[in-house]
Amino acid sequence: MQRNHAIRLVSTKAMSRDEWLAVRNQGIGSSDSAAVVGLSPYKSPLELWMEKTGRKPPDDLSANDAVFWGSTLEPIIAQVYGEKTGAKVRRVNAVLQHCEHPHMLANLDRIVAHPQDGHGILEVKTAGHWSEGYWEEGVPEHYQCQVLHQLAVTGKPWADVAVLIGGQEFRTYRIERDEDKINALIELEDRFWHHVINDTPPEVDGSESSGKALSLLYPSDNGEAIDFSDSAEMNTLFQRLIQARKERERIELEEATLKQQVQSAIGFTSNAIFSTGKAGWKKVKGSSATDFKQLAEEHPDLVAQYTVQKPGYRRFTVQVGK
């Protein structure tokens with residue numbers, strides 16, 4: 001089946017980081033796609049919406065060690081992939097755009113010409129030892145979403161994901177084009193982009209990222225009260241919140257009781273072995289800490305020199321009954 005080709009929106013050869021970010025913010029990039037559909041472990045749809053609408057600058061990850069080593073090792077991993085597969089790999093050096101959905105953008109790590117399988121995409125990843133387990137059953141879901149987005153934009157039939165785990169284990173995974181998944185992704189991204197162009201926030205999802213975005217979106221209150229007494233929808237929502245808190249308290253109490261029962265059984269020993277795992281109860285090494293209360297009492301002038309004002313924040317409270 002003949003597929004439409006991607007549009008080369010702009011060359012990235014001489015583009016600065018700020019220029020690249022400005023172009024990227026004009027649409028949804030492949031690294032944004034997991035956040036759009038709620039699969040990103042790092043960012044919620046609401047936080048992404050705030051970035052795309054200019055309410056929040058994207059986080060600067062340039063000093064992040066994982067990002068640094070990922071960028072540094074990318075050409076080496078791509079070269080090794082080519083040597084192992086016999087495929088020709090090359091850079092694209094452009095921001096690509098979907099020909100029918102212009103808000104869908106993509107920056108590819110490499111384009112691939114495979115001796116047997118024809119043309120595809122190469123996505124390069126690095127992973128630490130701690131994340132090895134996430135790759136045991138294939139490419140993690142949020143990276144699969146990223147690759148499906150790239151396949152949607154380019155029309156390519158497949159993509160290989162080459163990952164270097166722990167700096168020494170090289171793996172390659174193939175992701176074939178799946179039209180049903182791609183169509184579903186396009187629909188979700190179209191829906192998200194309507195939130196952007198209409199300046200209406202998407203739903204919250206309970207994540208830490210979503211909570212942080214809400215605090216940035218509504219940083220202060222006006223001292224007034226809004227009356228939801230006659231709103232069946234809001235009263236149902238409030239009752240569900242009360243019930244969820246009660247359930248959390250019950251689960252936390254149950255967990256604490258079970259923990260104490262295991263601790264009581266361990267007694268003076270250090271570890272307990274079970275058929276499905278083990279538990280440890282060990283004394284950690286002591287540490288020293290500054291007694292700031294005493295310091296403030298005995299040297300108030302000194303403490304004043306290093307006192308900083310922390311910005312206020314909105315505290316959410318719940319009261320049952322009037």
# chains A, B, ... in the order shown; residues from 1 in each chain; ligands from 1
$ select_by_dssp --residues "region 20-121 of chain A" --states "strand (DSSP E)" --output "PyMOL selection string"
chain A and resi 88-90+94-97+105-106+110-114+118-121
$ select_by_dssp --residues "region 125-211 of chain A" --states "alpha helix (DSSP H)" --output "ChimeraX atom specification"
/A:141-154,179-197,208-211
$ closest_residue --among "A:Ser31, A:Asn25, A:Thr12, A:Thr317" --to "Arg55 (chain A)" --atoms "only C-alpha atoms"
A:Asn25
$ closest_residue --among "A:Leu295, A:Val196, A:Leu253, A:Ala279" --to "Leu46 (chain A)" --atoms "only C-alpha atoms"
A:Val196
$ residues_around --residues "His142 (chain A)" --least-positions-apart "2" --cutoff "8 Å" --atoms "only C-alpha atoms" --output "count of residues only"
8
$ atom_distance --atom1 "CA of Lys13 (chain A)" --atom2 "CA of Ala94 (chain A)"
7.4 Å
$ residues_around --residues "Val262 (chain A)" --least-positions-apart "3" --cutoff "12 Å" --atoms "only C-alpha atoms" --output "count of residues only"
19
$ closest_residue --among "A:Trp69, A:Tyr173, A:Val95, A:Trp49" --to "Met15 (chain A)" --atoms "only C-alpha atoms"
A:Val95
$ closest_residue --among "A:Val36, A:Val112, A:Ala66, A:Val204" --to "Glu187 (chain A)" --atoms "only C-alpha atoms"
A:Val36
$ closest_residue --among "A:His101, A:Glu141, A:Asp230, A:Ala127" --to "Arg191 (chain A)" --atoms "only C-alpha atoms"
A:His101
